[in-house]
Every structure is written in C-alpha cells, then in structure tokens.
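Engineer: Dropping in upload-v1.pdb, with PDB, C-alpha atoms.
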```pdb
ATOM      1  CA  MET A   1     -15.399 -11.220 -18.313
ATOM      2  CA  HIS A   2     -16.550 -12.111 -14.800
ATOM      3  CA  GLU A   3     -14.525 -15.335 -14.991
ATOM      4  CA  ILE A   4     -11.407 -13.242 -15.535
ATOM      5  CA  VAL A   5     -12.314 -11.132 -12.517
ATOM      6  CA  LYS A   6     -12.668 -14.291 -10.425
ATOM      7  CA  ALA A   7      -9.287 -15.487 -11.678
ATOM      8  CA  ALA A   8      -7.735 -12.169 -10.648
ATOM      9  CA  GLN A   9      -9.347 -12.511  -7.217
ATOM     10  CA  ALA A  10      -7.704 -15.933  -6.954
ATOM     11  CA  GLY A  11      -4.306 -14.309  -7.507
ATOM     12  CA  ASP A  12      -3.861 -14.747 -11.263
ATOM     13  CA  ARG A  13      -1.583 -11.884 -12.288
ATOM     14  CA  VAL A  14      -2.176 -12.483 -16.001
ATOM     15  CA  ALA A  15      -5.903 -12.031 -15.423
ATOM     16  CA  TRP A  16      -5.321  -8.823 -13.487
ATOM     17  CA  ASN A  17      -3.064  -7.433 -16.227
ATOM     18  CA  PHE A  18      -5.765  -8.247 -18.776
ATOM     19  CA  LEU A  19      -8.359  -6.355 -16.718
ATOM     20  CA  TYR A  20      -5.995  -3.411 -16.464
ATOM     21  CA  ARG A  21      -5.495  -3.215 -20.244
ATOM     22  CA  GLN A  22      -9.187  -3.806 -20.913
ATOM     23  CA  HIS A  23     -10.520  -1.091 -18.628
ATOM     24  CA  TYR A  24      -7.799   1.554 -18.775
ATOM     25  CA  PRO A  25      -9.020   3.315 -21.975
ATOM     26  CA  TRP A  26     -12.575   4.037 -20.828
ATOM     27  CA  MET A  27     -11.407   4.877 -17.321
ATOM     28  CA  TYR A  28      -8.938   7.422 -18.653
ATOM     29  CA  ALA A  29     -11.630   8.926 -20.869
ATOM     30  CA  THR A  30     -13.914   9.199 -17.846
ATOM     31  CA  ALA A  31     -11.172  10.808 -15.760
ATOM     32  CA  LEU A  32     -10.506  13.342 -18.521
ATOM     33  CA  HIS A  33     -14.178  14.276 -18.453
ATOM     34  CA  PHE A  34     -14.014  15.018 -14.729
ATOM     35  CA  CYS A  35     -10.479  16.360 -14.368
ATOM     36  CA  GLY A  36      -9.714  17.773 -17.808
ATOM     37  CA  ASN A  37      -6.464  17.151 -19.652
ATOM     38  CA  SER A  38      -4.280  17.251 -16.569
ATOM     39  CA  PRO A  39      -2.009  14.972 -14.556
ATOM     40  CA  ALA A  40      -4.899  14.579 -12.116
ATOM     41  CA  ALA A  41      -6.736  12.418 -14.674
ATOM     42  CA  LYS A  42      -3.922   9.881 -14.879
ATOM     43  CA  ASP A  43      -3.457  10.079 -11.123
ATOM     44  CA  ALA A  44      -7.111   9.222 -10.524
ATOM     45  CA  VAL A  45      -6.961   6.215 -12.867
ATOM     46  CA  GLN A  46      -3.796   4.908 -11.237
ATOM     47  CA  GLU A  47      -5.191   5.413  -7.729
ATOM     48  CA  THR A  48      -8.313   3.531  -8.770
ATOM     49  CA  PHE A  49      -6.382   0.517 -10.008
ATOM     50  CA  VAL A  50      -4.229   0.385  -6.868
ATOM     51  CA  THR A  51      -7.284   0.568  -4.617
ATOM     52  CA  ALA A  52      -9.152  -2.004  -6.696
ATOM     53  CA  TYR A  53      -6.204  -4.393  -6.567
ATOM     54  CA  LEU A  54      -5.909  -4.088  -2.792
ATOM     55  CA  LYS A  55      -9.640  -4.534  -2.212
ATOM     56  CA  LEU A  56     -10.384  -7.026  -4.990
ATOM     57  CA  GLN A  57     -11.306  -9.733  -2.488
ATOM     58  CA  GLN A  58     -14.048  -7.482  -1.103
ATOM     59  CA  LEU A  59     -15.915  -7.438  -4.428
ATOM     60  CA  LYS A  60     -18.670  -9.997  -3.953
ATOM     61  CA  ASP A  61     -20.223  -9.829  -7.437
ATOM     62  CA  ALA A  62     -17.636 -10.309 -10.190
ATOM     63  CA  THR A  63     -20.116  -9.103 -12.812
ATOM     64  CA  ALA A  64     -20.192  -5.700 -11.105
ATOM     65  CA  PHE A  65     -16.452  -5.111 -11.576
ATOM     66  CA  ALA A  66     -16.736  -2.316 -14.154
ATOM     67  CA  GLY A  67     -19.327  -0.395 -12.145
ATOM     68  CA  TRP A  68     -17.246  -0.863  -9.009
ATOM     69  CA  LEU A  69     -14.212   0.568 -10.793
ATOM     70  CA  LYS A  70     -16.205   3.568 -11.979
ATOM     71  CA  THR A  71     -17.454   4.304  -8.469
ATOM     72  CA  ILE A  72     -13.891   4.304  -7.131
ATOM     73  CA  LEU A  73     -12.674   6.384 -10.071
ATOM     74  CA  VAL A  74     -15.311   9.092  -9.666
ATOM     75  CA  ARG A  75     -14.456   9.360  -5.979
ATOM     76  CA  PHE A  76     -10.773   9.876  -6.734
ATOM     77  CA  CYS A  77     -11.567  12.391  -9.475
ATOM     78  CA  GLY A  78     -13.504  14.378  -6.900
ATOM     79  CA  ARG A  79     -10.617  14.236  -4.477
ATOM     80  CA  ASN A  80      -8.149  15.461  -7.054
ATOM     81  CA  GLN A  81     -10.450  18.251  -8.198
ATOM     82  CA  ASN A  82     -10.738  19.476  -4.616
ATOM     83  CA  HIS A  83      -6.975  19.127  -4.109
ATOM     84  CA  GLN A  84      -7.568  17.105  -0.962
ATOM     85  CA  PHE A  85      -4.914  14.646  -2.076
ATOM     86  CA  ALA A  86      -2.933  16.790  -4.492
ATOM     87  CA  GLN A  87       0.106  14.578  -4.278
ATOM     88  CA  ALA A  88      -1.685  11.233  -4.349
ATOM     89  CA  GLY A  89      -1.547   8.836  -7.252
ATOM     90  CA  ARG A  90       2.043   9.136  -8.408
ATOM     91  CA  LEU A  91       3.098   5.566  -7.855
ATOM     92  CA  ALA A  92       6.764   6.114  -7.201
ATOM     93  CA  SER A  93       9.102   3.191  -6.779
ATOM     94  CA  PHE A  94      12.112   3.246  -4.493
ATOM     95  CA  ASP A  95      15.595   3.173  -5.970
ATOM     96  CA  SER A  96      17.849   1.057  -3.775
ATOM     97  CA  ASN A  97      20.518   3.743  -4.153
ATOM     98  CA  ASN A  98      18.177   6.625  -3.315
ATOM     99  CA  THR A  99      16.052   5.946  -0.278
ATOM    100  CA  GLY A 100      16.020   9.294   1.513
ATOM    101  CA  GLU A 101      13.043  10.881   3.200
ATOM    102  CA  ASP A 102      11.955  12.549  -0.069
ATOM    103  CA  GLU A 103      11.642   9.140  -1.698
ATOM    104  CA  ILE A 104       9.613   7.878   1.253
ATOM    105  CA  ASN A 105       7.286  10.853   0.894
ATOM    106  CA  LYS A 106       6.838  10.269  -2.839
ATOM    107  CA  ALA A 107       6.080   6.599  -2.423
ATOM    108  CA  MET A 108       3.690   7.061   0.479
ATOM    109  CA  ASP A 109       1.920  10.024  -1.104
ATOM    110  CA  GLY A 110       1.682   7.971  -4.265
ATOM    111  CA  TYR A 111      -0.153   5.129  -2.567
ATOM    112  CA  GLY A 112       2.894   2.877  -2.838
ATOM    113  CA  ARG A 113       1.063  -0.005  -1.256
ATOM    114  CA  ASN A 114       3.159  -2.857  -2.490
ATOM    115  CA  THR A 115       4.527  -5.865  -0.712
ATOM    116  CA  LYS A 116       7.806  -4.247   0.191
ATOM    117  CA  ILE A 117       6.081  -1.237   1.758
ATOM    118  CA  TYR A 118       4.101  -3.584   4.006
ATOM    119  CA  HIS A 119       7.201  -5.624   4.789
ATOM    120  CA  CYS A 120       9.005  -2.477   5.944
ATOM    121  CA  LEU A 121       5.973  -1.082   7.778
ATOM    122  CA  SER A 122       5.805  -4.242   9.862
ATOM    123  CA  HIS A 123       9.179  -3.370  11.422
ATOM    124  CA  LEU A 124       7.923  -0.075  12.871
ATOM    125  CA  SER A 125       6.479   0.333  16.363
ATOM    126  CA  ASP A 126       2.691   0.497  16.730
ATOM    127  CA  PRO A 127       2.636   4.270  17.442
ATOM    128  CA  LEU A 128       4.628   4.958  14.279
ATOM    129  CA  GLN A 129       2.492   2.619  12.182
ATOM    130  CA  SER A 130      -0.644   4.319  13.451
ATOM    131  CA  VAL A 131       0.323   7.786  12.260
ATOM    132  CA  LEU A 132       1.540   6.455   8.914
ATOM    133  CA  LEU A 133      -1.638   4.508   8.237
ATOM    134  CA  LEU A 134      -3.814   7.502   9.077
ATOM    135  CA  ARG A 135      -1.671   9.987   7.172
ATOM    136  CA  TYR A 136      -1.231   8.020   3.958
ATOM    137  CA  PHE A 137      -3.873   5.294   3.858
ATOM    138  CA  SER A 138      -7.018   6.939   5.218
ATOM    139  CA  GLU A 139      -9.222   9.964   4.719
ATOM    140  CA  TRP A 140      -8.390  11.156   8.232
ATOM    141  CA  SER A 141      -5.060  12.479   7.050
ATOM    142  CA  SER A 142      -4.608  16.008   8.416
ATOM    143  CA  TYR A 143      -2.321  16.478  11.392
ATOM    144  CA  GLU A 144      -5.249  17.835  13.372
ATOM    145  CA  GLN A 145      -7.464  14.822  12.615
ATOM    146  CA  ILE A 146      -4.703  12.361  13.483
ATOM    147  CA  ALA A 147      -3.983  14.205  16.719
ATOM    148  CA  ALA A 148      -7.657  14.188  17.693
ATOM    149  CA  LEU A 149      -8.105  10.520  16.857
ATOM    150  CA  LEU A 150      -4.987   9.290  18.647
ATOM    151  CA  HIS A 151      -5.402  11.868  21.427
ATOM    152  CA  ILE A 152      -1.874  13.223  21.082
ATOM    153  CA  PRO A 153      -0.589  16.763  20.376
ATOM    154  CA  VAL A 154      -0.127  17.880  16.761
ATOM    155  CA  GLY A 155       3.565  18.296  17.462
ATOM    156  CA  THR A 156       3.767  14.634  18.454
ATOM    157  CA  VAL A 157       2.067  13.673  15.181
ATOM    158  CA  ARG A 158       4.720  15.562  13.219
ATOM    159  CA  SER A 159       7.510  14.073  15.292
ATOM    160  CA  ARG A 160       6.238  10.515  14.899
ATOM    161  CA  LEU A 161       5.769  10.955  11.165
ATOM    162  CA  ASN A 162       9.340  12.156  10.816
ATOM    163  CA  GLN A 163      10.628   9.233  12.868
ATOM    164  CA  ALA A 164       8.480   6.781  10.941
ATOM    165  CA  LYS A 165       9.652   7.988   7.537
ATOM    166  CA  GLN A 166      13.290   7.894   8.572
ATOM    167  CA  LYS A 167      12.972   4.364   9.942
ATOM    168  CA  LEU A 168      10.979   3.271   6.906
ATOM    169  CA  ALA A 169      13.720   4.584   4.630
ATOM    170  CA  GLN A 170      16.295   2.684   6.674
ATOM    171  CA  HIS A 171      14.378  -0.588   6.497
ATOM    172  CA  TRP A 172      13.775  -0.072   2.800
ATOM    173  CA  ALA A 173      17.478   0.392   2.125
ATOM    174  CA  GLU A 174      18.393  -2.677   4.165
ATOM    175  CA  SER A 175      15.678  -4.948   2.814
ATOM    176  CA  ASN A 176      16.424  -7.149  -0.161
ATOM    177  CA  ASP A 177      13.532  -9.436   0.647
ATOM    178  CA  ASP A 178      10.448  -9.422  -1.559
ATOM    179  CA  ASN A 179       8.559 -11.621   0.886
ATOM    180  CA  ASP A 180       4.888 -10.732   0.649
ATOM    181  CA  SER A 181       3.858 -12.253   3.990
ATOM    182  CA  ALA A 182       3.270  -8.830   5.599
ATOM    183  CA  PHE A 183       1.169  -7.768   2.619
ATOM    184  CA  ARG A 184      -0.885 -10.973   2.737
ATOM    185  CA  LYS A 185      -1.357 -10.655   6.500
ATOM    186  CA  ALA A 186      -2.611  -7.085   6.075
ATOM    187  CA  ALA A 187      -4.983  -8.214   3.328
ATOM    188  CA  GLU A 188      -6.363 -10.931   5.606
ATOM    189  CA  TRP A 189      -7.096  -8.413   8.357
ATOM    190  CA  ASN A 190      -8.654  -6.078   5.784
ATOM    191  CA  ASP A 191     -10.990  -8.826   4.591
ATOM    192  CA  LEU A 192     -11.871  -9.904   8.127
ATOM    193  CA  TYR A 193     -12.757  -6.419   9.365
ATOM    194  CA  TYR A 194     -14.613  -5.600   6.180
ATOM    195  CA  ALA A 195     -16.798  -8.660   6.728
ATOM    196  CA  TYR A 196     -17.349  -7.815  10.391
ATOM    197  CA  PHE A 197     -18.192  -4.140   9.990
ATOM    198  CA  ALA A 198     -20.167  -4.460   6.744
ATOM    199  CA  ASN A 199     -22.452  -7.060   8.384
ATOM    200  CA  ILE A 200     -22.409  -5.897  11.983
ATOM    201  CA  TYR A 201     -26.045  -4.737  12.015
ATOM    202  CA  THR A 202     -27.527  -7.469   9.829
ATOM    203  CA  SER A 203     -25.796 -10.667  10.930
ATOM    204  CA  LEU A 204     -25.754 -11.972  14.488
ATOM    205  CA  PRO A 205     -22.840 -14.387  13.802
ATOM    206  CA  TYR A 206     -20.643 -11.598  12.453
ATOM    207  CA  ARG A 207     -21.634  -9.332  15.325
ATOM    208  CA  GLU A 208     -20.775 -11.999  17.879
ATOM    209  CA  LYS A 209     -17.462 -12.751  16.187
ATOM    210  CA  LEU A 210     -16.521  -9.079  16.281
ATOM    211  CA  ILE A 211     -17.361  -8.784  19.973
ATOM    212  CA  GLU A 212     -15.360 -11.939  20.715
ATOM    213  CA  HIS A 213     -12.449 -10.478  18.767
ATOM    214  CA  PHE A 214     -12.181  -7.677  21.312
ATOM    215  CA  ASP A 215     -10.248  -8.318  24.498
ATOM    216  CA  LYS A 216     -12.465  -8.559  27.591
ATOM    217  CA  ASN A 217     -10.553  -5.579  28.993
ATOM    218  CA  LEU A 218     -10.569  -3.636  25.718
ATOM    219  CA  LYS A 219      -9.483  -0.024  26.289
ATOM    220  CA  ILE A 220     -11.564   2.488  24.308
ATOM    221  CA  VAL A 221     -10.323   6.046  23.828
ATOM    222  CA  PHE A 222     -12.759   8.641  22.508
ATOM    223  CA  THR A 223     -11.738  11.887  20.825
ATOM    224  CA  SER A 224     -12.707  13.858  23.918
ATOM    225  CA  GLY A 225     -10.109  11.929  25.879
ATOM    226  CA  LYS A 226     -12.754  10.010  27.763
ATOM    227  CA  THR A 227     -11.927   6.344  28.155
ATOM    228  CA  ALA A 228     -13.914   3.193  28.767
ATOM    229  CA  VAL A 229     -12.914  -0.389  29.461
ATOM    230  CA  GLY A 230     -14.473  -3.649  28.334
ATOM    231  CA  ARG A 231     -15.842  -5.111  25.120
ATOM    232  CA  GLY A 232     -19.286  -4.851  26.676
ATOM    233  CA  VAL A 233     -19.114  -1.106  25.968
ATOM    234  CA  VAL A 234     -18.821  -1.811  22.241
ATOM    235  CA  GLN A 235     -21.639  -4.320  22.416
ATOM    236  CA  GLN A 236     -23.869  -1.725  24.088
ATOM    237  CA  LEU A 237     -23.026   0.891  21.439
ATOM    238  CA  ILE A 238     -23.997  -1.547  18.696
ATOM    239  CA  GLU A 239     -27.233  -2.501  20.440
ATOM    240  CA  ASP A 240     -28.137   1.172  20.894
ATOM    241  CA  ASP A 241     -27.584   1.773  17.177
ATOM    242  CA  MET A 242     -29.837  -1.151  16.345
ATOM    243  CA  VAL A 243     -32.590   0.166  18.597
ATOM    244  CA  TYR A 244     -32.558   3.490  16.746
ATOM    245  CA  GLY A 245     -32.065   1.895  13.320
ATOM    246  CA  ASN A 246     -28.587   3.181  12.558
ATOM    247  CA  SER A 247     -26.225   1.257  10.302
ATOM    248  CA  PHE A 248     -23.009   1.560   8.325
ATOM    249  CA  GLY A 249     -22.927   2.404   4.638
ATOM    250  CA  SER A 250     -19.500   2.148   3.004
ATOM    251  CA  VAL A 251     -16.662   0.478   4.880
ATOM    252  CA  GLU A 252     -12.969   1.028   4.115
ATOM    253  CA  VAL A 253     -10.184  -0.882   5.865
ATOM    254  CA  SER A 254      -6.401  -0.396   5.911
ATOM    255  CA  SER A 255      -4.120  -2.615   8.005
ATOM    256  CA  SER A 256      -0.472  -3.078   8.809
ATOM    257  CA  ASN A 257       0.916  -5.600  11.252
ATOM    258  CA  ASN A 258      -0.985  -5.012  14.543
ATOM    259  CA  ILE A 259      -2.862  -1.866  13.483
ATOM    260  CA  SER A 260      -6.076  -1.506  11.462
ATOM    261  CA  ILE A 261      -7.965   1.628  10.417
ATOM    262  CA  ILE A 262     -11.691   1.104   9.750
ATOM    263  CA  GLU A 263     -13.567   4.026   8.176
ATOM    264  CA  CYS A 264     -17.354   3.769   8.072
ATOM    265  CA  SER A 265     -20.020   6.070   6.702
ATOM    266  CA  ASN A 266     -23.099   6.226   8.918
ATOM    267  CA  ILE A 267     -26.723   5.843   7.836
ATOM    268  CA  ASN A 268     -29.341   7.462  10.030
ATOM    269  CA  PRO A 269     -33.025   6.471  10.003
ATOM    270  CA  SER A 270     -35.534   9.082   8.840
ATOM    271  CA  GLU A 271     -36.926   9.310  12.382
ATOM    272  CA  TYR A 272     -33.516  10.299  13.803
ATOM    273  CA  PRO A 273     -31.664  12.005  10.923
ATOM    274  CA  ASP A 274     -29.019  13.601  13.141
ATOM    275  CA  ARG A 275     -28.306  10.847  15.631
ATOM    276  CA  CYS A 276     -24.944   9.800  14.158
ATOM    277  CA  PRO A 277     -22.343  11.915  12.347
ATOM    278  CA  GLU A 278     -21.545  11.489   8.687
ATOM    279  CA  SER A 279     -18.714   9.050   9.352
ATOM    280  CA  THR A 280     -16.781   7.266  12.084
ATOM    281  CA  VAL A 281     -13.239   5.937  12.121
ATOM    282  CA  PHE A 282     -11.873   3.217  14.382
ATOM    283  CA  VAL A 283      -8.184   2.557  15.047
ATOM    284  CA  LEU A 284      -7.704  -0.958  16.371
ATOM    285  CA  HIS A 285      -4.518  -2.078  18.105
ATOM    286  CA  ARG A 286      -4.111  -5.839  18.327
ATOM    287  CA  THR A 287      -2.209  -7.991  20.773
ATOM    288  CA  GLY A 288      -1.862 -11.326  19.086
ATOM    289  CA  LYS A 289      -5.199 -12.116  17.473
ATOM    290  CA  VAL A 290      -7.384  -9.908  19.663
ATOM    291  CA  ALA A 291      -7.979  -6.152  19.633
ATOM    292  CA  ALA A 292      -6.765  -4.739  22.946
ATOM    293  CA  ARG A 293      -7.273  -1.016  22.301
ATOM    294  CA  MET A 294      -9.616   1.053  20.147
ATOM    295  CA  ASN A 295      -9.561   4.748  19.329
ATOM    296  CA  LEU A 296     -12.934   6.032  18.120
ATOM    297  CA  HIS A 297     -13.512   9.320  16.325
ATOM    298  CA  ASN A 298     -16.623  10.837  14.737
ATOM    299  CA  SER A 299     -16.584  13.317  11.866
ATOM    300  CA  ARG A 300     -18.299  15.900  14.042
TER     301      ARG A 300
END
```
Output the file's structure in the form of structure tokens.

Structural biologist:
Amino acid sequence: MHEIVKAAQAGDRVAWNFLYRQHYPWMYATALHFCGNSPAAKDAVQETFVTAYLKLQQLKDATAFAGWLKTILVRFCGRNQNHQFAQAGRLASFDSNNTGEDEINKAMDGYGRNTKIYHCLSHLSDPLQSVLLLRYFSEWSSYEQIAALLHIPVGTVRSRLNQAKQKLAQHWAESNDDNDSAFRKAAEWNDLYYAYFANIYTSLPYREKLIEHFDKNLKIVFTSGKTAVGRGVVQQLIEDDMVYGNSFGSVEVSSSNNISIIECSNINPSEYPDRCPESTVFVLHRTGKVAARMNLHNSR
C-alpha cells in the first residue's frame, strides 16, 4: 500500500483515487462514531481527504498514511462537534452560470481548494488575499482574530472580505483556464515553509535558510501594534526559544500567491511551562522570493 501512497505523492491521480476508495469506508465509520448519523460525519471525511490531498507531500513516511488520515479525521470530527466550522466540508463547485457571492461563500466555506480557486485568488491584491486565507484556510478565522493579527479594525476585515468575494466571483466567471500553475506555486511555498518551520529548532541549515529568506529590512508587526525591523529580530527570537528549550509541535501552512499563513503549536519545556502560548500564527508577505513583512500573533 505504501507504494501506492508514494505514487499519489508523485502526482498519480489513479493512485489517489484508489486510496480514496480504499480508505473511505473505515473513515466514514469512524466519523459516524464521533459525529453520529449526521451530515457532519460526511463533512469530516470530505474535509480530511481535501486536507490530505493538499498536504500529501508533507507526509514523510508513506507507511503511516492510514494513521495520518485518522489523526486529521478525528481533528475535523472535533471541530464539527463543537460547531467551530459548521459550514465547512461541503465541497461546492462553481457553476459558470451562477457565480454570485453566495456561491463564493459555499465554495470557500466548503474548503474548495482546487486549482481554479488558487488561479482566481492569485488575481487579488495582497490585503484581500490575506483576509481570505485567514478566514477560510486557517484556524484564526473569526473577524476579531483576523483584525488582531493584521492590526486592522473589524469593520475593515468585513469590508475586505466583501470586496474579495466579489472580485473572486468576477474572476471565476471570467476564467475559462484550468491552469494549475497558481495551485502548484502555492503547494511549493507550503512545502518550503513546512520544512523550515518544522525543523527550525533542530536543523541549523534549515534555520539559516529561513533567516536568509527574510528581507534584511523585514517589517514585523505584533498584535499589540508594536513593530520591529530587520531579520535579526527573528533570529534573536529563535535563539531565545532555543535557550529556554521551546519548540514547535504541529505546523500547518496555507499559501496563495505572495501570502502564506503558518500556524504552529508551541511546546514548552517542563522548567518553563508557561513561557509560550498554546499556538502562534505568522502571516508572511513576500516580495519576489523573499519575505518582506511578517505579522505575528499568539493565542494569548
């Protein structure tokens, strides 16, 4: 079975379809156990497969595929039970003759992360992409969280989301191109940042590459509104974490064009159990191939 997983990672659609058919029955049974006989069970399974497909390249051990799927599935079951993402999971597709704002909402809420979504996202301005990525592709999805992270008023978040959805609908209606270059570019950034952040505290080469990826005059905006300039600030933050023994646990990455959202859970050493919050999210804005701006927000 692991050979089929490797084939799917190499882009073999037949292999992926086989994995889908092979694992769907037990996954649905598991979801029913957690969610009961409700639409949430099917939603959780579908969300799991979409997430697994998008992050398949991040799975290092092909033999662990089934366990990896179950971990993702249980997480989504928990989300649906708590109604945190009550509308997530309904993978709606756009009808070329019906591309109003309601259809945009359905597709985005349904994790419609397909190549055309990324193609259309790439035509939006960075500020509009930022709010869309946070709202629909991250756990920092409330208006208040987005406002705090981007350091803008809640009203501006609402306004930008409305603008973004209208423009996305327009680009969707006008686009007849199934070019997957935007999707592939986003996947490449996802893989790169996953490697950087997952190994930042254990690998000097990865740590150095991440620091070099930041512009020398990197602008850092903290939730408080305080700002700092220079990639040396990031380097110092990392070194301080290493002195105390902090590290990242899980790492989730979502990218579109020049924007990437990196969500990291924090692990504190037993000696300093409260040094870092439960999680931290970074919003990176790139200019060319370097990150020129970073918004940083802690869960508390």

Engineer: Measuring between only C-alpha atoms, which one of A:Leu54, A:His213, A:Val154, A:Ile261 shows the shortest distance to Tyr136 of chain A?

Structural biologist: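 Ranked by minimum distance to Tyr136 of chain A, first place goes to A:Ile261.
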
Engineer: Taking the file above as input, evaluate the PyMOL selection byres ((chain A and resi 248) around 6) and report the hits as a list in words.

Structural biologist: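 Evaluating the PyMOL selection byres ((chain A and resi 248) around 6) on this file yields Ser247, Gly249, Ser265, Asn266 and Ile267 of chain A.
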
Engineer: Would you output that residue set with C-alpha atoms, as a PDB file, keeping the file's coordinate frame?

Structural biologist:
```
ATOM      1  CA  SER A 247     -26.225   1.257  10.302  1.00  0.00           C
ATOM      2  CA  GLY A 249     -22.927   2.404   4.638  1.00  0.00           C
ATOM      3  CA  SER A 265     -20.020   6.070   6.702  1.00  0.00           C
ATOM      4  CA  ASN A 266     -23.099   6.226   8.918  1.00  0.00           C
ATOM      5  CA  ILE A 267     -26.723   5.843   7.836  1.00  0.00           C
TER       6      ILE A 267
END
```

Engineer: Given the choices A:His151, A:Arg21, A:Lys60, A:Lys209, which gets closest to Val283 of chain A if the distance is worked out from all atoms listed in the file?

Structural biologist: A:His151

Engineer: Which neighbours of Trp16 of chain A fall inside 9 Å, counting only C-alpha atoms, when residues of the same chain fewer than 5 positions from it are skipped, and could you give them as a ChimeraX atom specification?

Structural biologist: /A:4-5,7-9,11,21,53

Engineer: Selection in question (the file shown): the PyMOL selection byres ((chain A and resi 69-77) around 12). Which residues does it include, as a VMD selection string?

Structural biologist: chain A and resid 5 19 to 20 23 to 24 26 to 36 38 to 53 55 to 56 59 62 to 68 78 to 86 88 to 89 139 250 252

Engineer: Using all atoms listed in the file, pick whichever of A:Arg160, A:Thr202, A:Asn257, A:Gln235 has the shortest atom-to-atom distance to Leu121 of chain A.

Structural biologist: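 Nearest to Leu121 of chain A: A:Asn257.
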
Engineer: Between A:Ile238, A:Ala195, A:Ala148, A:Ala228, which residue has the minimum interatomic distance to Val281 of chain A, considering all atoms listed in the file?

Structural biologist: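 The closest residue to Val281 of chain A is A:Ala148.
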
Engineer: Would you work out the distance separating atom CA of Lys219 of chain A from atom CA of Asn298 of chain A, expressed in Å to one decimal?

Structural biologist: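 Taking atom CA of Lys219 of chain A and atom CA of Asn298 of chain A, their separation equals 17.4 Å.
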
Engineer: Using all atoms listed in the file, which protein or nucleic acid residues come within 12 Å of Val243 of chain A? Drop anything in the same chain fewer than 4 positions from it, and give the result as a PyMOL selection string.

Structural biologist: chain A and resi 201+236-239+247+268-269+271-272+275

Engineer: With all atoms listed in the file as the basis for distance, which of A:Ser130, A:Thr223, A:Asn190, A:Gln163 is at the shortest distance from Val253 of chain A?

Structural biologist: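 Among A:Ser130, A:Thr223, A:Asn190, A:Gln163, it is A:Asn190 that comes nearest to Val253 of chain A.
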
Engineer: Starting from the displayed file, determine the output of the PyMOL selection byres ((chain A and resi 192) around 12) and express the residue list as a PyMOL selection string.

Structural biologist: chain A and resi 55+57-58+185-191+193-200+206+209-210+213+251-255+260+262+289

Engineer: Compile the contact shell of Phe282 of chain A as number ranges by chain: residues with an atom at most 7 Å away, counting only C-alpha atoms, same-chain residues fewer than 6 positions apart removed.

Structural biologist: A: 261-263, 294-297

Engineer: Write out as an NGL selection string each polymer residue whose atoms come within 9 Å of Ala147 of chain A, counting all atoms listed in the file; drop sequence neighbours fewer than 5 positions from it.

Structural biologist: :A and (131 or 142 or 152-157)

Engineer: Which of these, A:Leu149, A:Val14, A:Ser299, A:Asn246, has the shortest distance to Glu278 of chain A once you count only C-alpha atoms?

Structural biologist: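 For Glu278 of chain A, the nearest of the candidates is A:Ser299.
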
Engineer: State, in Å with one decimal place, the distance from atom CA of Val233 of chain A to atom CA of Ile259 of chain A.

Structural biologist: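 Atom-to-atom, atom CA of Val233 of chain A and atom CA of Ile259 of chain A are spaced 20.5 Å apart.
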
Engineer: Separation of atom CA of Arg293 of chain A and atom CA of Ser122 of chain A, in Å?

Structural biologist: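 That distance, rounded to one decimal, is 18.3 Å.
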